[in-house]
Amino acid sequence: MEALMQSLAGLGAFLLYFSLSLAFLMLFKVVYVRFTPHDEWKLVKEGQNIAAAIGLSGSIIGYCLAIAGAASNSVNLLDFALWGVVALLAQLIAFYLLRFGFMPRIVERIEAGEIPAGIIMAATSISVGLLNAACMTY
């Protein structure tokens with residue numbers, strides 16, 4: 001019984017970090033679709049746009065990778081929250097770099113349902129999330 005209690009000793013911290021992670025994920029979804037010129041969520045739900053689904057899925061995965069890195073490397077909840085915001089900003093910056101630096105027509109291409117554009121968006125978001133998570137190790 002004592003071993004079980006020792007194993008569950010971190011349950012409170014887990015619940016706090018996990019709850020904050022889910023809150024950050026919901027915040028990311030709201031912020032991301034508002035800062036991008038096209039509402040990926042609407043394109044997926046109403047238009048069944050596969051390219052938008054791929055791009056949005058990649059951005060969510062990329063953000064979750066960064067949040068996972070922040071959770072495993074933070075020293076407290078405030079530190080975690082700060083790095084969660086940094087991760088959100090990194091994903092937005094990645095979108096704008098791709099849109100204005102490398103693929104100026106990516107928005108139109110995703111809106112048109114071009115799957116390669118959605119894949120590039122997803123790959124960029126996941127890559128930035130991986131780099132972000134790796135850079136959070138200190």
# chains A, B, ... in the order shown; residues from 1 in each chain; ligands from 1
>>> residues_around(residues="range 20-36 of chain A", least_positions_apart="3", cutoff="12 Å", atoms="only C-alpha atoms", output="ChimeraX atom specification")
/A:13-17,39-44,52,55-72,76-96,98-99,106-108,110-111,121,125
>>> select_by_dssp(residues="range 25-126 of chain A", states="alpha helix (DSSP H)", output="ChimeraX atom specification")
/A:25-35,40-45,50-73,77-97,106-111,115-126
